[in-house]
$ cat structure-v2.cif   # mmCIF, C-alpha atoms
data_work
#
loop_
_atom_site.label_atom_id
_atom_site.label_comp_id
_atom_site.auth_asym_id
_atom_site.auth_seq_id
_atom_site.Cartn_x
_atom_site.Cartn_y
_atom_site.Cartn_z
CA MET A 22 71.36 88.16 101.99
CA LEU A 23 73.89 88.10 99.19
CA THR A 24 77.62 87.59 99.60
CA LEU A 25 80.02 87.86 96.65
CA VAL A 26 83.43 86.20 96.95
CA ILE A 27 86.00 87.21 94.31
CA GLY A 28 89.58 86.12 93.72
CA GLY A 29 92.08 84.99 91.12
CA ALA A 30 92.89 81.41 90.16
CA GLY A 31 93.98 79.34 93.16
CA SER A 32 93.47 82.26 95.56
CA GLY A 33 91.55 80.20 98.11
CA LYS A 34 88.18 81.78 97.29
CA SER A 35 86.32 78.45 97.27
CA GLU A 36 87.73 77.32 100.60
CA TYR A 37 86.79 80.70 102.09
CA ALA A 38 83.28 80.64 100.59
CA GLU A 39 82.64 77.07 101.73
CA SER A 40 83.73 77.73 105.29
CA HIS A 41 81.85 81.05 105.36
CA ALA A 42 78.63 79.33 104.26
CA MET A 43 79.24 76.61 106.89
CA LYS A 44 78.61 79.17 109.63
CA LEU A 45 75.02 79.71 108.47
CA ASP A 46 72.22 77.80 110.16
CA GLY A 47 69.82 75.77 108.08
CA ARG A 48 69.95 73.66 104.93
CA ARG A 49 73.03 74.08 102.80
CA VAL A 50 72.91 73.64 99.06
CA TYR A 51 75.93 73.65 96.76
CA LEU A 52 74.88 74.83 93.31
CA ALA A 53 77.51 73.50 90.92
CA THR A 54 77.69 75.26 87.54
CA MET A 55 80.62 73.44 85.92
CA GLU A 56 79.66 71.04 83.15
CA PRO A 57 81.74 67.88 83.60
CA PHE A 58 83.52 67.99 80.24
CA GLY A 59 86.78 66.03 80.11
CA ALA A 60 89.36 64.79 82.60
CA GLU A 61 90.46 68.17 83.93
CA ALA A 62 86.89 69.22 84.78
CA GLY A 63 86.47 65.79 86.40
CA ARG A 64 89.53 66.35 88.59
CA ARG A 65 88.39 69.84 89.61
CA ILE A 66 84.94 68.57 90.50
CA ALA A 67 86.43 65.68 92.52
CA ARG A 68 88.69 68.13 94.41
CA HIS A 69 85.75 70.36 95.29
CA ARG A 70 83.62 67.37 96.33
CA LYS A 71 86.42 66.29 98.64
CA MET A 72 86.60 69.82 100.15
CA ARG A 73 82.86 69.72 100.86
CA GLU A 74 82.89 66.25 102.43
CA ASN A 75 81.28 66.21 105.87
CA LYS A 76 80.27 69.86 105.56
CA GLY A 77 76.60 69.00 105.12
CA TYR A 78 75.99 70.28 101.60
CA GLU A 79 73.39 68.90 99.23
CA THR A 80 74.75 69.27 95.69
CA ILE A 81 72.53 70.49 92.85
CA GLU A 82 74.03 70.70 89.37
CA ARG A 83 72.65 73.51 87.24
CA PHE A 84 74.54 74.81 84.22
CA THR A 85 72.18 77.56 82.98
CA ASP A 86 69.06 79.40 84.14
CA VAL A 87 69.95 79.23 87.85
CA GLY A 88 66.92 81.40 88.68
CA ASN A 89 64.76 78.32 88.11
CA ALA A 90 66.98 75.82 89.96
CA PRO A 91 64.99 73.61 92.36
CA ILE A 92 66.13 75.23 95.61
CA PRO A 93 64.48 74.02 98.85
CA GLU A 94 62.70 76.89 100.57
CA GLY A 95 64.83 78.89 102.97
CA ALA A 96 68.08 77.15 102.03
CA ASN A 97 71.52 78.73 102.18
CA VAL A 98 73.02 78.36 98.73
CA LEU A 99 76.63 78.47 97.61
CA LEU A 100 76.91 79.02 93.84
CA GLU A 101 80.22 78.03 92.31
CA ASP A 102 81.09 79.67 90.11
CA LEU A 103 79.97 82.69 88.13
CA GLY A 104 82.71 82.35 85.49
CA ASN A 105 81.43 78.91 84.49
CA LEU A 106 77.82 80.02 84.59
CA LEU A 107 78.56 82.93 82.23
CA ALA A 108 80.45 80.63 79.82
CA ASN A 109 77.48 78.23 79.80
CA GLU A 110 74.97 81.02 79.20
CA LEU A 111 77.13 82.41 76.37
CA TYR A 112 78.30 79.23 74.65
CA SER A 113 76.07 76.27 75.61
CA PRO A 114 73.17 75.35 73.32
CA ALA A 115 70.89 75.75 76.37
CA GLY A 116 72.42 79.14 77.23
CA GLY A 117 70.33 82.30 77.42
CA GLY A 118 73.02 84.79 76.38
CA ALA A 119 75.11 87.35 78.24
CA GLY A 120 72.28 88.90 80.23
CA ALA A 121 70.96 85.56 81.51
CA ALA A 122 73.72 84.98 84.07
CA LEU A 123 73.09 88.17 86.06
CA THR A 124 69.29 87.89 85.74
CA GLY A 125 69.47 84.26 86.87
CA VAL A 126 71.63 84.98 89.91
CA CYS A 127 69.38 87.88 90.98
CA ALA A 128 66.29 85.64 90.67
CA LEU A 129 68.09 82.90 92.61
CA ALA A 130 69.00 85.34 95.40
CA GLU A 131 65.29 86.03 95.93
CA LYS A 132 64.68 82.33 96.62
CA CYS A 133 67.56 81.78 99.06
CA ARG A 134 67.89 82.69 102.69
CA HIS A 135 71.50 83.45 102.03
CA LEU A 136 73.22 83.23 98.66
CA THR A 137 77.00 83.11 98.44
CA VAL A 138 78.39 83.53 94.92
CA VAL A 139 81.98 82.66 94.03
CA THR A 140 83.38 84.59 91.08
CA ASN A 141 86.70 85.01 89.30
CA GLU A 142 88.99 87.98 88.87
CA ILE A 143 90.31 87.49 85.33
CA GLY A 144 91.23 91.06 84.38
CA ALA A 145 94.62 91.47 86.07
CA GLY A 146 96.68 89.79 83.35
CA GLY A 147 96.85 92.53 80.77
CA ALA A 148 94.49 94.23 78.35
CA ASP A 149 95.67 92.67 75.08
CA TYR A 150 92.69 90.44 74.32
CA GLU A 151 90.25 90.41 71.45
CA GLY A 152 87.15 88.74 70.03
CA ASN A 153 85.26 86.21 72.16
CA THR A 154 87.81 86.35 74.98
CA LEU A 155 87.45 90.11 75.33
CA THR A 156 83.65 89.84 75.18
CA TYR A 157 83.68 87.20 77.90
CA MET A 158 86.01 89.30 80.10
CA LYS A 159 83.87 92.40 79.62
CA GLU A 160 80.67 90.53 80.48
CA LEU A 161 82.17 88.91 83.58
CA GLY A 162 83.48 92.31 84.72
CA ARG A 163 80.06 93.85 84.18
CA ILE A 164 78.30 91.05 86.09
CA ASN A 165 80.82 91.24 88.94
CA CYS A 166 80.24 95.01 89.26
CA GLY A 167 76.46 94.51 89.08
CA LEU A 168 76.40 91.81 91.75
CA ALA A 169 78.85 93.69 93.98
CA ALA A 170 76.55 96.73 93.86
CA ARG A 171 73.64 94.54 94.95
CA ALA A 172 75.53 92.43 97.51
CA ASP A 173 75.36 92.87 101.27
CA ARG A 174 78.93 91.70 101.57
CA VAL A 175 81.83 91.52 99.10
CA ILE A 176 85.01 89.66 99.98
CA GLU A 177 88.18 89.61 97.89
CA VAL A 178 90.38 86.63 98.72
CA ILE A 179 94.13 87.13 98.25
CA CYS A 180 96.40 84.10 98.86
CA GLY A 181 93.80 82.67 101.19
CA ILE A 182 93.32 85.88 103.17
CA PRO A 183 89.85 87.41 102.98
CA GLN A 184 89.65 91.19 102.55
CA VAL A 185 86.29 92.85 103.16
CA ARG A 186 85.53 95.18 100.22
CA LYS A 187 81.94 95.92 101.22
CA GLU A 188 79.84 95.21 104.27
CA VAL A 189 76.34 96.51 104.73
CA LYS A 190 75.64 97.02 108.42
CA ASP A 191 72.80 95.23 110.20
CA VAL A 192 73.85 91.98 108.59
CA ASP A 193 72.63 89.42 111.09
CA ASP A 194 74.34 86.21 109.96
CA MET B 6 96.05 114.03 90.66
CA ILE B 7 93.96 110.97 91.44
CA PHE B 8 95.41 107.71 90.19
CA ILE B 9 92.83 105.00 89.56
CA THR B 10 93.95 101.44 88.95
CA GLY B 11 92.48 97.95 88.99
CA PRO B 12 91.92 94.96 86.69
CA LEU B 13 90.36 95.18 83.23
CA PHE B 14 86.60 95.88 83.38
CA SER B 15 86.65 96.46 87.12
CA GLY B 16 84.70 99.75 86.88
CA LYS B 17 87.56 102.30 86.84
CA ARG B 18 86.00 104.73 84.32
CA THR B 19 82.52 104.40 85.83
CA PHE B 20 84.02 105.28 89.20
CA ALA B 21 85.85 108.35 87.85
CA LYS B 22 82.70 109.57 86.10
CA ALA B 23 80.61 109.13 89.24
CA LEU B 24 83.23 110.83 91.42
CA PHE B 25 83.15 114.05 89.40
CA ASP B 26 79.71 113.68 87.83
CA TRP B 27 81.34 113.62 84.39
CA SER B 28 79.84 112.58 81.08
CA ASP B 29 81.80 110.26 78.75
CA GLY B 30 82.99 113.38 76.90
CA GLU B 31 84.16 115.07 80.08
CA LEU B 32 86.00 111.92 81.11
CA LEU B 33 87.90 111.93 77.81
CA GLU B 34 88.61 115.63 78.21
CA HIS B 35 89.89 115.58 81.79
CA ALA B 36 91.29 112.11 82.40
CA VAL B 37 94.14 110.09 80.95
CA LEU B 38 92.79 106.64 80.05
CA ASP B 39 94.81 103.44 79.57
CA ALA B 40 98.04 104.98 80.85
CA GLN B 41 99.58 101.49 80.72
CA ASP B 42 99.62 101.77 76.90
CA LEU B 43 101.67 104.99 76.93
CA VAL B 44 104.93 103.27 77.93
CA LYS B 45 105.56 101.91 74.42
CA ASN B 46 108.58 103.66 72.87
CA GLU B 47 108.90 105.80 75.99
CA GLU B 48 112.41 105.79 77.44
CA ASN B 49 111.96 108.25 80.27
CA LEU B 50 109.17 107.01 82.53
CA ASP B 51 109.81 109.72 85.15
CA ALA B 52 109.21 112.44 82.57
CA LEU B 53 106.10 110.63 81.33
CA ALA B 54 104.78 110.35 84.89
CA ASP B 55 105.45 114.06 85.45
CA ARG B 56 103.49 114.96 82.32
CA LEU B 57 100.58 112.68 83.20
CA ALA B 58 100.46 113.93 86.79
CA ALA B 59 99.41 117.35 85.48
CA HIS B 60 95.97 115.86 84.70
CA PRO B 61 93.33 115.65 87.44
CA VAL B 62 92.75 111.92 86.87
CA VAL B 63 94.97 109.18 85.47
CA ILE B 64 93.55 105.69 84.92
CA ALA B 65 95.69 102.60 84.30
CA CYS B 66 94.77 98.95 84.00
CA GLU B 67 96.69 96.46 86.15
CA VAL B 68 98.53 94.33 83.61
CA GLY B 69 101.16 92.51 85.66
CA GLY B 70 99.03 89.70 87.07
CA GLY B 71 99.26 87.17 84.26
CA VAL B 72 101.97 84.89 82.90
CA VAL B 73 105.23 86.62 81.92
CA PRO B 74 104.97 87.12 78.12
CA LEU B 75 107.40 85.19 75.91
CA ASP B 76 107.75 88.12 73.52
CA THR B 77 110.57 90.47 74.57
CA GLU B 78 108.77 93.66 73.63
CA GLU B 79 105.54 92.64 75.40
CA ARG B 80 107.56 91.63 78.45
CA THR B 81 109.38 94.98 78.49
CA ASN B 82 106.20 96.99 78.06
CA ARG B 83 104.42 95.09 80.81
CA GLU B 84 107.30 95.73 83.17
CA LYS B 85 107.35 99.41 82.21
CA ALA B 86 103.58 99.65 82.77
CA GLY B 87 104.10 98.40 86.32
CA ARG B 88 106.93 100.87 86.92
CA LEU B 89 104.86 103.72 85.53
CA ALA B 90 102.02 102.81 87.89
CA CYS B 91 104.45 103.07 90.84
CA LEU B 92 105.67 106.47 89.62
CA LEU B 93 102.11 107.72 89.16
CA ALA B 94 101.08 106.46 92.59
CA ALA B 95 104.06 108.28 94.12
CA ARG B 96 102.98 111.55 92.46
CA ALA B 97 99.27 111.17 93.19
CA GLU B 98 97.51 112.81 96.13
CA THR B 99 95.03 109.95 96.04
CA VAL B 100 95.35 106.37 94.78
CA VAL B 101 92.25 104.22 94.33
CA ARG B 102 92.07 100.57 93.32
CA LEU B 103 88.82 99.17 91.96
CA CYS B 104 87.66 95.61 92.57
CA CYS B 105 84.34 94.61 90.94
CA GLY B 106 83.21 98.24 90.99
CA LEU B 107 84.17 98.85 94.63
CA PRO B 108 86.84 101.47 95.37
CA GLU B 109 89.62 100.90 97.87
CA VAL B 110 91.60 104.03 98.75
CA LEU B 111 95.25 102.99 98.93
CA LYS B 112 96.67 106.47 99.53
CA GLY B 113 95.27 109.84 100.58
CA GLU B 114 91.59 110.68 100.57
CA LEU B 115 88.85 111.04 97.99
CA PRO B 116 87.90 114.67 97.31
CA CYS B 117 84.74 115.87 99.02
CA ARG B 118 81.96 116.81 96.67
#

$ encode --input "structure-v2.cif" --output "structure tokens"
Amino acid sequence: MLTLVIGGAGSGKSEYAESHAMKLDGRRVYLATMEPFGAEAGRRIARHRKMRENKGYETIERFTDVGNAPIPEGANVLLEDLGNLLANELYSPAGGGAGAALTGVCALAEKCRHLTVVTNEIGAGGADYEGNTLTYMKELGRINCGLAARADRVIEVICGIPQVRKEVKDVDD
Amino acid sequence: MIFITGPLFSGKRTFAKALFDWSDGELLEHAVLDAQDLVKNEENLDALADRLAAHPVVIACEVGGGVVPLDTEERTNREKAGRLACLLAARAETVVRLCCGLPEVLKGELPCR
């Protein structure tokens, strides 16, 4: 089972994804992809840790190559988020390039009972970008389309309200 | 006319091609791409929308979701792009918004194939 949750900055996508994954039975793993660089990243990570308090998540940090993350068998995994993972694969010394993010997430999905992926909508602020920024936007758009095509469920979160964009029937949980 | 909108790289052209089974060349031939860029130096948006609506497909990128630009011309063009999208949607039989490759029909119906 693969669920993709997409939304803009501050749209409530994380809160939705975390509470959605809470409804699943079994072990819950939070796969954190943000490298803790600097004070702002530290604050974001602290805020998300606070949101997950008492929700029964084990946290695994993995910044690249998520397909080989040590996931306990049959766990429900919440990956947050795809935008960070892509940046790490593109720009980190350990990164595997543009294709590695999508390949990694697909491999990860095979190992999970249920994988929920949080991703970012970054294309609604105009088309006047160039260079690395445009490349990054294009790759994230491509990965989002690729994962949405593969997903059993796609949810767009708008000001905290989830909108179902895709739902494959016979989804049991 | 079918008006297709959505964020940058959300799969708008891929959707249009799949809908009509068009090649890249046929897409260029039949569809208006990047309609949001056509507002520059265009005073009469209604007339522009009328001209564009004569095509079977018009595609425009949503550009109004970011920070308001400091530059006056960019600000004006962004505003005009939004207004043009409203005018195109009003003229369209069908309006579709793409989100990560998934179409949402906002108005009318998709043509049967």

$ interface_residues --input "structure-v2.cif" --of "chain B" --to "chain A" --cutoff "12 Å" --atoms "all atoms listed in the file" --output "mmCIF file with C-alpha atoms, in the coordinates of the input"
data_model
loop_
_atom_site.group_PDB
_atom_site.id
_atom_site.type_symbol
_atom_site.label_atom_id
_atom_site.label_comp_id
_atom_site.auth_asym_id
_atom_site.auth_seq_id
_atom_site.Cartn_x
_atom_site.Cartn_y
_atom_site.Cartn_z
ATOM 1 C CA THR B 10 93.950 101.440 88.950
ATOM 2 C CA GLY B 11 92.480 97.950 88.990
ATOM 3 C CA PRO B 12 91.920 94.960 86.690
ATOM 4 C CA LEU B 13 90.360 95.180 83.230
ATOM 5 C CA PHE B 14 86.600 95.880 83.380
ATOM 6 C CA SER B 15 86.650 96.460 87.120
ATOM 7 C CA GLY B 16 84.700 99.750 86.880
ATOM 8 C CA LYS B 17 87.560 102.300 86.840
ATOM 9 C CA THR B 19 82.520 104.400 85.830
ATOM 10 C CA PHE B 20 84.020 105.280 89.200
ATOM 11 C CA ASP B 39 94.810 103.440 79.570
ATOM 12 C CA ALA B 40 98.040 104.980 80.850
ATOM 13 C CA GLN B 41 99.580 101.490 80.720
ATOM 14 C CA ASP B 42 99.620 101.770 76.900
ATOM 15 C CA ALA B 65 95.690 102.600 84.300
ATOM 16 C CA CYS B 66 94.770 98.950 84.000
ATOM 17 C CA GLU B 67 96.690 96.460 86.150
ATOM 18 C CA VAL B 68 98.530 94.330 83.610
ATOM 19 C CA GLY B 69 101.160 92.510 85.660
ATOM 20 C CA GLY B 70 99.030 89.700 87.070
ATOM 21 C CA GLY B 71 99.260 87.170 84.260
ATOM 22 C CA VAL B 72 101.970 84.890 82.900
ATOM 23 C CA VAL B 73 105.230 86.620 81.920
ATOM 24 C CA PRO B 74 104.970 87.120 78.120
ATOM 25 C CA GLU B 79 105.540 92.640 75.400
ATOM 26 C CA ARG B 80 107.560 91.630 78.450
ATOM 27 C CA ASN B 82 106.200 96.990 78.060
ATOM 28 C CA ARG B 83 104.420 95.090 80.810
ATOM 29 C CA GLU B 84 107.300 95.730 83.170
ATOM 30 C CA ALA B 86 103.580 99.650 82.770
ATOM 31 C CA GLY B 87 104.100 98.400 86.320
ATOM 32 C CA ARG B 102 92.070 100.570 93.320
ATOM 33 C CA LEU B 103 88.820 99.170 91.960
ATOM 34 C CA CYS B 104 87.660 95.610 92.570
ATOM 35 C CA CYS B 105 84.340 94.610 90.940
ATOM 36 C CA GLY B 106 83.210 98.240 90.990
ATOM 37 C CA LEU B 107 84.170 98.850 94.630
ATOM 38 C CA PRO B 108 86.840 101.470 95.370
ATOM 39 C CA GLU B 109 89.620 100.900 97.870
ATOM 40 C CA VAL B 110 91.600 104.030 98.750
#

$ atom_distance --input "structure-v2.cif" --atom1 "atom CA of Lys45 of chain B" --atom2 "atom CA of Thr154 of chain A"
23.6 Å

$ atom_distance --input "structure-v2.cif" --atom1 "atom CA of Ala36 of chain B" --atom2 "atom CA of Tyr157 of chain A"
26.4 Å

$ atom_distance --input "structure-v2.cif" --atom1 "atom CA of Gly95 of chain A" --atom2 "atom CA of Val185 of chain A"
25.6 Å

$ resolve_selection --input "structure-v2.cif" --expression "the PyMOL selection byres ((chain A and resi 41-43) around 12)" --output "NGL selection string"
:A and (22-26 or 34-40 or 44-51 or 73-78 or 96-100 or 134-139 or 174 or 176 or 183 or 194)

$ residues_around --input "structure-v2.cif" --residues "segment 54-61 of chain B" --least-positions-apart "4" --cutoff "7 Å" --atoms "all atoms listed in the file" --output "ChimeraX atom specification"
/B:6-7,35-36,50,89,92-93,96

$ residues_around --input "structure-v2.cif" --residues "segment 115-118 of chain A" --least-positions-apart "5" --cutoff "12 Å" --atoms "all atoms listed in the file" --output "PyMOL selection string"
chain A and resi 83-88+105-110+123-125+156-157+160

$ closest_residue --input "structure-v2.cif" --among "B:Leu33, B:Glu78, B:Phe8, B:Lys85" --to "Glu114 of chain B" --atoms "all atoms listed in the file"
B:Phe8

$ closest_residue --input "structure-v2.cif" --among "B:Gly113, B:Arg88, B:Leu38, B:Thr77" --to "Ala21 of chain B" --atoms "all atoms listed in the file"
B:Leu38

$ resolve_selection --input "structure-v2.cif" --expression "the PyMOL selection byres ((chain B and resi 116) around 10)" --output "PyMOL selection string"
chain B and resi 7+24-25+98-99+113-115+117-118

$ residues_around --input "structure-v2.cif" --residues "segment 63-67 of chain A" --least-positions-apart "6" --cutoff "12 Å" --atoms "all atoms listed in the file" --output "list in words"
Gly31, Ser35, Ala53, Thr54, Met55, Glu56, Pro57, Arg73, Glu74, Thr80, Glu82, Glu101 and Asp102 of chain A

$ axis_aligned_box --input "structure-v2.cif" --around "segment 97-116 of chain B" --padding-each-side "8 Å" --output "lines of an AutoDock Vina configuration file"
center_x = 91.2
center_y = 104.6
center_z = 95.8
size_x = 32.1
size_y = 36.1
size_z = 25.6
